[in-house]
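A.B. asks: Before we start, here is the structure in question, set down as structure tokens.
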Amino acid sequence: MNGHTSAMATPMECPTGPTRHASAEPGSIRWTSAASSHTGLVREINEDACLGQPECGVWAVADGMGGHALGEFASRLAIRSLIDLPAAQSLEQCIDHAQERLQSANRRLRSEAALRDVPIIGTTIVALLASGRHCACLWAGDSRIYLFRAGRLKRLTRDHSQIEAALSRRHTDTDDTLIRPQANLITRALGAEDTVEIDCTTVEVVDGDVFLLCSDGLSSEVSELAIEQALLPGNCRQASQALIDLALQRGGHDNITAVVVRAEDLHSPDRTAMLPVL
């Protein structure tokens, strides 16, 4: 089956091709971003959805589950809940607004599952929120956020999955026996429980930081070394498309989504000053 780039028509979803956005935020940080999504080479429906609102400092990726288009419904509902968050005076307030919206989306998914008499309509969610010189990562599930800084890649999120839990137990248990899960099943998602626990971590932004938000269709196919190489040039549009292409080259077994976000400190002393032409 041939894959195809998903056609997206609303601002809650990734566009047909990668697009760039830019904004100059208070605190001298200018944000640029690009997003790409692909159905992959096996699936018939793209159950991923993403959001890029650099003018608001909000980016997100959701990977739906449920089958028969229910996963598509779930991921788009989650993304739609983060569009046009209320104006916030601080990063903490922005986090609160996002948490409230996501809990509301979780309740909606639980209600929909009950109405349709299905076990679950769910989705992973990962969101990057920017305010001033700081960012927050919010997530539930195994979609990820990476930070590429000074030539090194760091994963900022920790998968809510059986494999991650098993690896964690291996590091803490005295018993050397590792019980390996049969599949990388996620242990947390919007729609899975009446109340979802959404993890959060914050980071101070420095000039040149590049963030990658992605679904597991990318992270399970593309190595961290290859991700580093794609992000190194600092071009969001090129990086997002290159990452999709890499995942397709490695089989494209799942839907693939990449949102690449770059921070530029307009007042950084390391930036070269442009002298006026006399």
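Identifiers for the structure tokens are assigned positionally: chains receive A, B, ... in sequence, residues are indexed from 1 per chain, and ligands are indexed from 1 in the order shown.
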So which residues of stretch 52-96 of chain A fall under alpha helix (DSSP H) by DSSP, listed as a ChimeraX atom specification?
C.D. replies: /A:70-81,91-96
A.B. asks: Using only C-alpha atoms, find each residue of stretch 72-161 of chain A with at least one atom at most 8 Å away from an atom of stretch 206-221 of chain A; report its shortest atom-to-atom pair and that distance in Å (one decimal), sort the rows by chain and rising residue number, and return the result as a tab-separated table.
C.D. replies:
residue	atom	partner	partner_atom	distance
A:Val126	CA	A:Leu213	CA	7.2
A:Ala127	CA	A:Leu213	CA	7.7
A:Leu128	CA	A:Leu213	CA	8.0
A:Arg133	CA	A:Val206	CA	7.7
A:Asp142	CA	A:Asp216	CA	6.5
A:Ser143	CA	A:Ser215	CA	4.5
A:Arg144	CA	A:Cys214	CA	5.4
A:Ile145	CA	A:Leu213	CA	4.5
A:Tyr146	CA	A:Leu212	CA	5.0
A:Leu147	CA	A:Phe211	CA	4.6
A:Phe148	CA	A:Val210	CA	5.1
A:Arg149	CA	A:Asp209	CA	5.2
A:Ala150	CA	A:Asp209	CA	7.9
A.B. asks: Leaving out stretch 184-196 of chain A and any residue of its chain fewer than 6 positions from it, which residues lie within 6 Å of it when counting only C-alpha atoms, given as a list in words?
C.D. replies: Asn106, Leu109, Arg110, Ile121, Gly122, Thr123, Thr124, Ala140, Gly141, His160, Ser161, Gln162 and Ile163 of chain A
A.B. asks: Export, as a CSV table (one decimal), in the first residue's frame, the selected residues with all heavy atoms.
C.D. replies:
chain,number,residue,atom,x,y,z
A,106,ASN,N,-10.5,14.9,28.2
A,106,ASN,CA,-10.6,13.6,28.7
A,106,ASN,C,-12.0,13.2,29.1
A,106,ASN,O,-12.5,12.1,28.8
A,106,ASN,CB,-9.7,13.5,29.9
A,106,ASN,CG,-9.6,12.1,30.5
A,106,ASN,OD1,-9.0,11.2,30.0
A,106,ASN,ND2,-10.2,11.9,31.7
A,109,LEU,N,-14.0,12.4,25.9
A,109,LEU,CA,-13.7,11.1,25.4
A,109,LEU,C,-14.3,10.0,26.1
A,109,LEU,O,-14.8,9.0,25.6
A,109,LEU,CB,-12.2,11.0,25.3
A,109,LEU,CG,-11.4,11.9,24.3
A,109,LEU,CD1,-9.9,11.7,24.4
A,109,LEU,CD2,-11.9,11.6,22.9
A,110,ARG,N,-14.4,10.1,27.5
A,110,ARG,CA,-15.0,9.1,28.3
A,110,ARG,C,-16.5,9.0,28.0
A,110,ARG,O,-17.1,7.9,27.9
A,110,ARG,CB,-14.8,9.4,29.8
A,110,ARG,CG,-13.3,9.3,30.2
A,110,ARG,CD,-12.7,8.0,30.1
A,110,ARG,NE,-13.2,7.1,31.2
A,110,ARG,CZ,-13.0,5.8,31.4
A,110,ARG,NH1,-12.3,5.2,30.4
A,110,ARG,NH2,-13.5,5.2,32.4
A,121,ILE,N,-12.0,5.4,23.7
A,121,ILE,CA,-11.6,6.3,22.7
A,121,ILE,C,-10.5,7.1,23.3
A,121,ILE,O,-10.8,8.0,24.2
A,121,ILE,CB,-12.8,7.1,22.2
A,121,ILE,CG1,-14.0,6.3,21.7
A,121,ILE,CG2,-12.3,8.1,21.1
A,121,ILE,CD1,-15.2,7.1,21.3
A,122,GLY,N,-9.3,7.0,22.9
A,122,GLY,CA,-8.2,7.6,23.6
A,122,GLY,C,-7.2,8.2,22.6
A,122,GLY,O,-7.2,8.0,21.4
A,123,THR,N,-6.2,8.9,23.2
A,123,THR,CA,-5.1,9.5,22.5
A,123,THR,C,-4.0,9.9,23.4
A,123,THR,O,-4.2,10.3,24.6
A,123,THR,CB,-5.6,10.8,21.7
A,123,THR,OG1,-4.5,11.3,21.0
A,123,THR,CG2,-6.1,11.9,22.7
A,124,THR,N,-2.8,9.8,22.9
A,124,THR,CA,-1.7,10.3,23.7
A,124,THR,C,-1.7,11.9,23.4
A,124,THR,O,-2.4,12.3,22.5
A,124,THR,CB,-0.3,9.8,23.1
A,124,THR,OG1,-0.1,10.3,21.8
A,124,THR,CG2,-0.3,8.3,23.1
A,140,ALA,N,0.9,12.8,28.3
A,140,ALA,CA,0.4,11.6,28.8
A,140,ALA,C,0.5,10.6,27.6
A,140,ALA,O,-0.1,10.9,26.5
A,140,ALA,CB,-1.1,11.8,29.2
A,141,GLY,N,1.1,9.5,27.8
A,141,GLY,CA,1.3,8.5,26.7
A,141,GLY,C,2.8,8.4,26.3
A,141,GLY,O,3.7,8.8,27.0
A,160,HIS,N,4.9,6.9,29.0
A,160,HIS,CA,4.0,6.1,29.9
A,160,HIS,C,3.6,4.8,29.1
A,160,HIS,O,2.6,4.7,28.4
A,160,HIS,CB,2.7,6.9,30.1
A,160,HIS,CG,3.0,8.2,30.9
A,160,HIS,ND1,2.5,9.4,30.5
A,160,HIS,CD2,3.7,8.5,32.0
A,160,HIS,CE1,2.9,10.4,31.3
A,160,HIS,NE2,3.7,9.8,32.2
A,161,SER,N,4.5,3.8,29.3
A,161,SER,CA,4.4,2.6,28.5
A,161,SER,C,4.8,1.4,29.4
A,161,SER,O,5.6,1.6,30.4
A,161,SER,CB,5.2,2.6,27.2
A,161,SER,OG,6.6,2.6,27.5
A,162,GLN,N,4.4,0.2,29.0
A,162,GLN,CA,4.8,-1.0,29.8
A,162,GLN,C,6.3,-1.2,29.6
A,162,GLN,O,7.0,-1.6,30.6
A,162,GLN,CB,4.1,-2.2,29.3
A,162,GLN,CG,2.6,-2.2,29.7
A,162,GLN,CD,1.9,-3.5,29.4
A,162,GLN,OE1,2.5,-4.4,28.8
A,162,GLN,NE2,0.7,-3.6,29.8
A,163,ILE,N,6.9,-0.9,28.5
A,163,ILE,CA,8.3,-1.1,28.3
A,163,ILE,C,9.1,-0.1,29.2
A,163,ILE,O,10.1,-0.5,29.9
A,163,ILE,CB,8.7,-0.9,26.8
A,163,ILE,CG1,8.3,-2.2,26.1
A,163,ILE,CG2,10.2,-0.7,26.7
A,163,ILE,CD1,8.7,-2.1,24.6
A.B. asks: For the atom pair atom CA of A:Ala49 and atom CA of A:Met65, what is the interatomic distance in Å to one decimal place?
C.D. replies: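 We find that atom CA of A:Ala49 and atom CA of A:Met65 lie 11.8 Å from each other.
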A.B. asks: Between atom CA of A:Gly132 and atom CA of A:Gln89, what distance in Å does the model show, to one decimal?
C.D. replies: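 Separation between atom CA of A:Gly132 and atom CA of A:Gln89: 9.9 Å.
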A.B. asks: Which one of A:Ala62, A:Ile227, A:Leu138, A:Ala263 sits closest to A:Ala98 if you count only C-alpha atoms?
C.D. replies: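 Of all the options, A:Leu138 lies closest to A:Ala98.
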A.B. asks: Give the answer as one residue: which of A:Ala35, A:Glu44, A:Ile83, A:His97 has the shortest atom-to-atom distance to A:Gly252, using only C-alpha atoms?
C.D. replies: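 The closest residue to A:Gly252 is A:Glu44.
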A.B. asks: Let me make sure I understand: among A:Leu232, A:Cys50, A:Ala136, A:Leu248, which one has the smallest atom-to-atom distance to A:Glu72 if we use only C-alpha atoms?
C.D. replies: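 Counting only C-alpha atoms, the residue closest to A:Glu72 is A:Cys50.
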